[in-house]
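First the structure, in the form of structure tokens, and then the observations on it.
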Amino acid sequence: MPDSTPPGPPPGPRDPGDAWAVGPDGTKAWGLFGAAGLLVDDGAGRVLLQHRVEWSHHGGTWGIPGGARHQGEDAVTGALRESAEEAGVPHDGVDLRHTALLDLGFWTYTTVVGRASRPFEPVIADRESLALSWIPVDEVDALPLHPGFGASWPALREAIATTPHIVVDAANVVGSVPDGWWKDRAGAAARLLSSVAALAEGGVPADLLELPFARWWPRWTVVLEGEARGAAGAGAADGADDGAGAGVGVGAGSGAGSGSGSGVVEVVRAPGSGDDAIVDAARGAVERGDAPVVVVTADRELRARVEAFGAVVRGPSWLRDQF
């Protein structure tokens, strides 16, 4: 189990969440509304770990910054807040990747996994750390690990480089529902972009991608063609095509995190064949090492083309059911 001992008295008023949760058998865990922590890697094979002070539960061991969630606070927000308070992790410096959930019935601990979107150095910001260090992944097992983190580390390590990528055939998805889209193709594409951007911000269930853990934040690419190229993206400037099919970012809002995998959708405005642009986007993702690479389309010819180099295909309803 992750940390179940409260920190020292905070300098200000306590949140109602800073209290014990008690199970039916009398087991106690710190965090009335559960707890959460952040495991962040720097994209160069290192993860940020916290060397815990001796007076804490399992003092002297290494784990991740985290703590009790506040009342009404979701796990991602709680993990980012705690990591900022304990380790100086910048709120806008983490791209979300996935979450792992430990559920004891009366109490939950959520490990939020992210990647640094820009370099930063951790800062000891409270009394709970002896040290904060970027540790090479290959050296983590040699450390005296907090038992809870040590138990979860093998599975977390296995998935640390996993980057799912979803490529959306916008014309096919929009055309799958007879809602009058043909009267305003750009408007219909803009609504699709807004829905996809919301998924990019909030993540998708792990089972949708046939991946472990609870929730994932995949990379997203939406390909627009023809009249739909004029669609404006939610929260982003309307990027005009420059003749080369350039992508533009579409943000869903100012929620937790930023960058790929945390609310940003790459929009490709295909200057020619939309199918060719989809194939190029999917092939590029596969060659980069993203996996799984999922192409959302019902087009049989396109399916055969992308499956030939390792992408998988799902129909429009697979995506629409998440809206």
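By order of appearance in the structure tokens: chains A, B, ..., then residues from 1 within every chain, and ligands from 1 in the order shown.
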
Compile the contact shell of segment 175-179 of chain A as a list of chain:residue names: residues with an atom at most 10 Å away, counting only C-alpha atoms, same-chain residues fewer than 4 positions apart removed.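 The residues satisfying every condition are A:Ala170, A:Ala171, A:Lys183, A:Arg185, A:Ala188, A:Ala189, A:Thr297, A:Ala298, A:Gly315, A:Pro316, A:Ser317, A:Arg320.
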
Let me see the file: selected residues, all heavy atoms, as a PDB file, in the first residue's frame.
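See selection-v3.pdb below for the written result:
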ATOM      1  N   ALA A 170     -11.711  11.700 -40.205  1.00  0.00           N
ATOM      2  CA  ALA A 170     -12.833  12.577 -39.864  1.00  0.00           C
ATOM      3  C   ALA A 170     -13.994  12.435 -40.838  1.00  0.00           C
ATOM      4  O   ALA A 170     -15.156  12.395 -40.421  1.00  0.00           O
ATOM      5  CB  ALA A 170     -12.362  14.028 -39.819  1.00  0.00           C
ATOM      6  N   ALA A 171     -13.707  12.339 -42.129  1.00  0.00           N
ATOM      7  CA  ALA A 171     -14.778  12.242 -43.121  1.00  0.00           C
ATOM      8  C   ALA A 171     -15.614  10.989 -42.887  1.00  0.00           C
ATOM      9  O   ALA A 171     -16.850  11.018 -42.982  1.00  0.00           O
ATOM     10  CB  ALA A 171     -14.189  12.234 -44.529  1.00  0.00           C
ATOM     11  N   LYS A 183     -24.734  19.310 -45.162  1.00  0.00           N
ATOM     12  CA  LYS A 183     -25.138  20.702 -45.346  1.00  0.00           C
ATOM     13  C   LYS A 183     -24.053  21.677 -44.879  1.00  0.00           C
ATOM     14  O   LYS A 183     -24.018  22.821 -45.318  1.00  0.00           O
ATOM     15  CB  LYS A 183     -26.430  20.982 -44.562  1.00  0.00           C
ATOM     16  CG  LYS A 183     -27.615  20.118 -45.002  1.00  0.00           C
ATOM     17  CD  LYS A 183     -28.822  20.373 -44.118  1.00  0.00           C
ATOM     18  CE  LYS A 183     -29.986  19.471 -44.488  1.00  0.00           C
ATOM     19  NZ  LYS A 183     -31.148  19.689 -43.562  1.00  0.00           N
ATOM     20  N   ARG A 185     -20.167  20.787 -43.956  1.00  0.00           N
ATOM     21  CA  ARG A 185     -19.095  19.829 -43.671  1.00  0.00           C
ATOM     22  C   ARG A 185     -18.079  20.398 -42.684  1.00  0.00           C
ATOM     23  O   ARG A 185     -17.583  19.683 -41.817  1.00  0.00           O
ATOM     24  CB  ARG A 185     -18.407  19.416 -44.975  1.00  0.00           C
ATOM     25  CG  ARG A 185     -19.338  18.655 -45.913  1.00  0.00           C
ATOM     26  CD  ARG A 185     -18.711  18.414 -47.287  1.00  0.00           C
ATOM     27  NE  ARG A 185     -19.673  17.878 -48.219  1.00  0.00           N
ATOM     28  CZ  ARG A 185     -19.821  16.581 -48.504  1.00  0.00           C
ATOM     29  NH1 ARG A 185     -19.047  15.695 -47.898  1.00  0.00           N
ATOM     30  NH2 ARG A 185     -20.712  16.168 -49.377  1.00  0.00           N
ATOM     31  N   ALA A 188     -19.646  20.332 -39.210  1.00  0.00           N
ATOM     32  CA  ALA A 188     -19.690  18.966 -38.674  1.00  0.00           C
ATOM     33  C   ALA A 188     -18.301  18.531 -38.221  1.00  0.00           C
ATOM     34  O   ALA A 188     -18.142  17.887 -37.175  1.00  0.00           O
ATOM     35  CB  ALA A 188     -20.231  18.010 -39.729  1.00  0.00           C
ATOM     36  N   ALA A 189     -17.269  18.884 -38.991  1.00  0.00           N
ATOM     37  CA  ALA A 189     -15.901  18.536 -38.608  1.00  0.00           C
ATOM     38  C   ALA A 189     -15.484  19.271 -37.340  1.00  0.00           C
ATOM     39  O   ALA A 189     -14.786  18.716 -36.487  1.00  0.00           O
ATOM     40  CB  ALA A 189     -14.941  18.859 -39.750  1.00  0.00           C
ATOM     41  N   THR A 297     -11.837   4.240 -38.721  1.00  0.00           N
ATOM     42  CA  THR A 297     -12.436   4.339 -40.052  1.00  0.00           C
ATOM     43  C   THR A 297     -13.244   3.076 -40.328  1.00  0.00           C
ATOM     44  O   THR A 297     -13.003   2.029 -39.717  1.00  0.00           O
ATOM     45  CB  THR A 297     -11.366   4.504 -41.143  1.00  0.00           C
ATOM     46  OG1 THR A 297     -12.008   4.754 -42.407  1.00  0.00           O
ATOM     47  CG2 THR A 297     -10.490   3.264 -41.274  1.00  0.00           C
ATOM     48  N   ALA A 298     -14.184   3.183 -41.263  1.00  0.00           N
ATOM     49  CA  ALA A 298     -14.923   2.014 -41.731  1.00  0.00           C
ATOM     50  C   ALA A 298     -14.592   1.719 -43.190  1.00  0.00           C
ATOM     51  O   ALA A 298     -15.200   0.840 -43.797  1.00  0.00           O
ATOM     52  CB  ALA A 298     -16.430   2.238 -41.563  1.00  0.00           C
ATOM     53  N   GLY A 315     -14.013   0.856 -35.940  1.00  0.00           N
ATOM     54  CA  GLY A 315     -15.059   1.577 -36.644  1.00  0.00           C
ATOM     55  C   GLY A 315     -15.456   2.865 -35.957  1.00  0.00           C
ATOM     56  O   GLY A 315     -15.106   3.103 -34.783  1.00  0.00           O
ATOM     57  N   PRO A 316     -16.213   3.720 -36.655  1.00  0.00           N
ATOM     58  CA  PRO A 316     -16.614   5.012 -36.082  1.00  0.00           C
ATOM     59  C   PRO A 316     -17.349   4.902 -34.752  1.00  0.00           C
ATOM     60  O   PRO A 316     -17.182   5.759 -33.873  1.00  0.00           O
ATOM     61  CB  PRO A 316     -17.508   5.609 -37.166  1.00  0.00           C
ATOM     62  CG  PRO A 316     -16.988   5.020 -38.442  1.00  0.00           C
ATOM     63  CD  PRO A 316     -16.602   3.607 -38.084  1.00  0.00           C
ATOM     64  N   SER A 317     -18.170   3.864 -34.561  1.00  0.00           N
ATOM     65  CA  SER A 317     -18.927   3.745 -33.313  1.00  0.00           C
ATOM     66  C   SER A 317     -18.007   3.531 -32.117  1.00  0.00           C
ATOM     67  O   SER A 317     -18.340   3.912 -30.988  1.00  0.00           O
ATOM     68  CB  SER A 317     -19.946   2.608 -33.401  1.00  0.00           C
ATOM     69  OG  SER A 317     -19.291   1.364 -33.585  1.00  0.00           O
ATOM     70  N   ARG A 320     -17.306   7.126 -31.356  1.00  0.00           N
ATOM     71  CA  ARG A 320     -18.513   7.892 -31.013  1.00  0.00           C
ATOM     72  C   ARG A 320     -19.099   7.481 -29.666  1.00  0.00           C
ATOM     73  O   ARG A 320     -19.692   8.302 -28.963  1.00  0.00           O
ATOM     74  CB  ARG A 320     -19.548   7.740 -32.127  1.00  0.00           C
ATOM     75  CG  ARG A 320     -19.278   8.569 -33.370  1.00  0.00           C
ATOM     76  CD  ARG A 320     -20.468   8.563 -34.313  1.00  0.00           C
ATOM     77  NE  ARG A 320     -20.288   9.460 -35.422  1.00  0.00           N
ATOM     78  CZ  ARG A 320     -20.523  10.762 -35.388  1.00  0.00           C
ATOM     79  NH1 ARG A 320     -20.936  11.327 -34.266  1.00  0.00           N
ATOM     80  NH2 ARG A 320     -20.359  11.511 -36.463  1.00  0.00           N
TER      81      ARG A 320
END

So which bits of segment 40-190 of chain A end up strand (DSSP E or B) when you DSSP the backbone, as a count of residues only? 47

Excluding same-chain residues fewer than 5 positions from Asp299 of chain A, what lies within 10 Å of it counting only C-alpha atoms, as an mmCIF file with C-alpha atoms, in the first residue's frame?
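Saved result, selection.cif, follows:
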data_model
loop_
_atom_site.group_PDB
_atom_site.id
_atom_site.type_symbol
_atom_site.label_atom_id
_atom_site.label_comp_id
_atom_site.auth_asym_id
_atom_site.auth_seq_id
_atom_site.Cartn_x
_atom_site.Cartn_y
_atom_site.Cartn_z
ATOM 1 C CA ASP A 169 -10.594 9.550 -40.412
ATOM 2 C CA ASN A 172 -15.667 8.638 -42.347
ATOM 3 C CA ASP A 275 -6.702 8.525 -47.187
ATOM 4 C CA ALA A 304 -6.037 -2.900 -45.562
ATOM 5 C CA VAL A 313 -8.565 -0.370 -37.139
ATOM 6 C CA GLY A 315 -15.059 1.577 -36.644
#

Members of segment 264-311 of chain A assigned helix (DSSP H, G or I) by DSSP, as a ChimeraX atom specification: /A:274-288,300-307

Save the residues we just selected, C-alpha atoms, as a compact mmCIF listing (two decimals), in the first residue's frame?
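What follows is the written file again-v6.txt:
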# COMPACT_ATOMS: atom_id res chain seq x y z
CA GLY A 274 -7.42 12.26 -47.09
CA ASP A 275 -6.70 8.53 -47.19
CA ASP A 276 -3.07 9.16 -48.10
CA ALA A 277 -2.73 11.62 -45.22
CA ILE A 278 -4.23 9.08 -42.81
CA VAL A 279 -1.81 6.40 -44.01
CA ASP A 280 1.11 8.81 -43.62
CA ALA A 281 0.05 9.79 -40.09
CA ALA A 282 -0.46 6.18 -39.00
CA ARG A 283 2.79 4.97 -40.58
CA GLY A 284 4.71 7.82 -38.97
CA ALA A 285 3.27 6.88 -35.55
CA VAL A 286 4.23 3.21 -36.00
CA GLU A 287 7.75 4.10 -37.13
CA ARG A 288 8.14 6.43 -34.13
CA ARG A 300 -12.17 -1.24 -46.20
CA GLU A 301 -9.41 -0.16 -48.56
CA LEU A 302 -7.95 2.17 -45.95
CA ARG A 303 -8.15 -0.62 -43.37
CA ALA A 304 -6.04 -2.90 -45.56
CA ARG A 305 -3.45 -0.18 -46.17
CA VAL A 306 -2.84 0.66 -42.50
CA GLU A 307 -3.06 -2.91 -41.22

Contacts of Ala186 of chain A within 7 Å, only C-alpha atoms, excl. fewer than 4 positions in-chain, as a list in words: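 Contacts, with the query itself left out: Ala190, Glu227, Ala228, Arg229, Gly230 and Ala231 of chain A.
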
Limited to all heavy atoms, could you put the picked residues into a file as a short mmCIF file (atom, residue, chain, number, x, y, z; two decimals), in the first residue's frame?
data_model
loop_
_atom_site.label_atom_id
_atom_site.label_comp_id
_atom_site.auth_asym_id
_atom_site.auth_seq_id
_atom_site.Cartn_x
_atom_site.Cartn_y
_atom_site.Cartn_z
N ALA A 190 -15.92 20.51 -37.19
CA ALA A 190 -15.59 21.27 -35.99
C ALA A 190 -16.21 20.64 -34.75
O ALA A 190 -15.59 20.58 -33.68
CB ALA A 190 -16.06 22.72 -36.13
N GLU A 227 -13.95 20.10 -48.05
CA GLU A 227 -14.55 21.27 -47.41
C GLU A 227 -14.36 21.27 -45.89
O GLU A 227 -14.36 22.33 -45.26
CB GLU A 227 -16.04 21.33 -47.73
CG GLU A 227 -16.35 21.55 -49.21
CD GLU A 227 -17.85 21.53 -49.48
OE1 GLU A 227 -18.64 21.59 -48.52
OE2 GLU A 227 -18.23 21.45 -50.67
N ALA A 228 -14.18 20.08 -45.31
CA ALA A 228 -14.01 20.00 -43.86
C ALA A 228 -12.70 20.63 -43.40
O ALA A 228 -12.53 20.92 -42.21
CB ALA A 228 -14.05 18.54 -43.42
N ARG A 229 -11.78 20.88 -44.32
CA ARG A 229 -10.51 21.50 -43.94
C ARG A 229 -10.71 22.89 -43.35
O ARG A 229 -9.82 23.41 -42.66
CB ARG A 229 -9.59 21.59 -45.16
CG ARG A 229 -9.08 20.25 -45.65
CD ARG A 229 -8.51 20.36 -47.05
NE ARG A 229 -7.49 21.38 -47.15
CZ ARG A 229 -7.04 21.90 -48.30
NH1 ARG A 229 -7.59 21.52 -49.46
NH2 ARG A 229 -6.10 22.80 -48.30
N GLY A 230 -11.84 23.50 -43.59
CA GLY A 230 -12.11 24.83 -43.06
C GLY A 230 -12.61 24.82 -41.63
O GLY A 230 -12.91 25.89 -41.08
N ALA A 231 -12.69 23.64 -41.01
CA ALA A 231 -13.22 23.56 -39.65
C ALA A 231 -12.32 24.28 -38.66
O ALA A 231 -11.09 24.15 -38.70
CB ALA A 231 -13.37 22.10 -39.24
#

Identify, on the basis of only C-alpha atoms, every residue whose closest approach to segment 114-123 of chain A does not exceed 8 Å; exclude the query and any residue fewer than 6 positions from it along the same chain; express the result as a VMD selection string. chain A and resid 38 to 43 86 to 90 93 to 98 132 to 133 258 to 259

Keeping only N, CA and C atoms, write the selected residues as a PDB file, in the first residue's frame.
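Resulting contents of part04.pdb:
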ATOM      1  N   LEU A  38       2.290  11.074  -8.121  1.00  0.00           N
ATOM      2  CA  LEU A  38       2.726  11.271  -9.506  1.00  0.00           C
ATOM      3  C   LEU A  38       4.036  10.546  -9.774  1.00  0.00           C
ATOM      4  N   LEU A  39       4.022   9.699 -10.797  1.00  0.00           N
ATOM      5  CA  LEU A  39       5.243   9.099 -11.324  1.00  0.00           C
ATOM      6  C   LEU A  39       5.512   9.764 -12.669  1.00  0.00           C
ATOM      7  N   VAL A  40       6.580  10.556 -12.742  1.00  0.00           N
ATOM      8  CA  VAL A  40       6.881  11.285 -13.976  1.00  0.00           C
ATOM      9  C   VAL A  40       8.258  10.884 -14.471  1.00  0.00           C
ATOM     10  N   ASP A  41       8.367  10.640 -15.770  1.00  0.00           N
ATOM     11  CA  ASP A  41       9.673  10.369 -16.368  1.00  0.00           C
ATOM     12  C   ASP A  41      10.074  11.553 -17.232  1.00  0.00           C
ATOM     13  N   ASP A  42      11.374  11.660 -17.488  1.00  0.00           N
ATOM     14  CA  ASP A  42      11.877  12.830 -18.218  1.00  0.00           C
ATOM     15  C   ASP A  42      12.038  12.588 -19.709  1.00  0.00           C
ATOM     16  N   GLY A  43      11.576  11.425 -20.197  1.00  0.00           N
ATOM     17  CA  GLY A  43      11.711  11.115 -21.618  1.00  0.00           C
ATOM     18  C   GLY A  43      13.103  10.663 -22.000  1.00  0.00           C
ATOM     19  N   GLU A  86       5.242  19.139  -2.867  1.00  0.00           N
ATOM     20  CA  GLU A  86       6.339  18.377  -2.273  1.00  0.00           C
ATOM     21  C   GLU A  86       7.626  18.433  -3.078  1.00  0.00           C
ATOM     22  N   ALA A  87       7.498  18.578  -4.397  1.00  0.00           N
ATOM     23  CA  ALA A  87       8.682  18.448  -5.243  1.00  0.00           C
ATOM     24  C   ALA A  87       8.861  19.579  -6.242  1.00  0.00           C
ATOM     25  N   GLY A  88       7.995  20.570  -6.217  1.00  0.00           N
ATOM     26  CA  GLY A  88       8.128  21.688  -7.138  1.00  0.00           C
ATOM     27  C   GLY A  88       7.880  21.326  -8.583  1.00  0.00           C
ATOM     28  N   VAL A  89       7.111  20.264  -8.830  1.00  0.00           N
ATOM     29  CA  VAL A  89       6.803  19.885 -10.213  1.00  0.00           C
ATOM     30  C   VAL A  89       5.877  20.942 -10.813  1.00  0.00           C
ATOM     31  N   PRO A  90       6.269  21.560 -11.927  1.00  0.00           N
ATOM     32  CA  PRO A  90       5.416  22.606 -12.507  1.00  0.00           C
ATOM     33  C   PRO A  90       4.099  22.043 -13.010  1.00  0.00           C
ATOM     34  N   GLY A  93       3.980  21.321 -16.582  1.00  0.00           N
ATOM     35  CA  GLY A  93       5.178  20.665 -17.086  1.00  0.00           C
ATOM     36  C   GLY A  93       5.061  19.175 -17.261  1.00  0.00           C
ATOM     37  N   VAL A  94       3.829  18.638 -17.194  1.00  0.00           N
ATOM     38  CA  VAL A  94       3.642  17.191 -17.267  1.00  0.00           C
ATOM     39  C   VAL A  94       2.584  16.848 -18.308  1.00  0.00           C
ATOM     40  N   ASP A  95       2.939  15.947 -19.213  1.00  0.00           N
ATOM     41  CA  ASP A  95       1.973  15.376 -20.150  1.00  0.00           C
ATOM     42  C   ASP A  95       1.438  14.088 -19.542  1.00  0.00           C
ATOM     43  N   LEU A  96       0.149  13.996 -19.367  1.00  0.00           N
ATOM     44  CA  LEU A  96      -0.453  12.803 -18.781  1.00  0.00           C
ATOM     45  C   LEU A  96      -0.306  11.614 -19.711  1.00  0.00           C
ATOM     46  N   ARG A  97      -0.079  10.425 -19.116  1.00  0.00           N
ATOM     47  CA  ARG A  97       0.056   9.201 -19.897  1.00  0.00           C
ATOM     48  C   ARG A  97      -0.991   8.165 -19.492  1.00  0.00           C
ATOM     49  N   HIS A  98      -1.030   7.812 -18.219  1.00  0.00           N
ATOM     50  CA  HIS A  98      -2.080   6.901 -17.767  1.00  0.00           C
ATOM     51  C   HIS A  98      -2.206   6.970 -16.254  1.00  0.00           C
ATOM     52  N   LEU A 132      15.154  14.547  -3.527  1.00  0.00           N
ATOM     53  CA  LEU A 132      14.355  14.353  -4.731  1.00  0.00           C
ATOM     54  C   LEU A 132      15.344  14.184  -5.879  1.00  0.00           C
ATOM     55  N   SER A 133      15.218  13.098  -6.621  1.00  0.00           N
ATOM     56  CA  SER A 133      16.233  12.820  -7.641  1.00  0.00           C
ATOM     57  C   SER A 133      15.610  12.189  -8.876  1.00  0.00           C
ATOM     58  N   SER A 258      -0.438  19.714 -20.234  1.00  0.00           N
ATOM     59  CA  SER A 258      -0.468  20.337 -21.547  1.00  0.00           C
ATOM     60  C   SER A 258       0.416  19.531 -22.457  1.00  0.00           C
ATOM     61  N   GLY A 259       0.241  19.710 -23.756  1.00  0.00           N
ATOM     62  CA  GLY A 259       1.079  18.997 -24.690  1.00  0.00           C
ATOM     63  C   GLY A 259       0.448  17.697 -25.129  1.00  0.00           C
TER      64      GLY A 259
END

Figure out the distance between atom CA of Ala161 of chain A and atom CA of Val173 of chain A, please, to one decimal in Å. 29.3 Å

So, counting only C-alpha atoms, which residue among A:Ala35, A:Leu143, A:Ala44, A:Ala100 is closest to Glu82 of chain A? A:Ala35
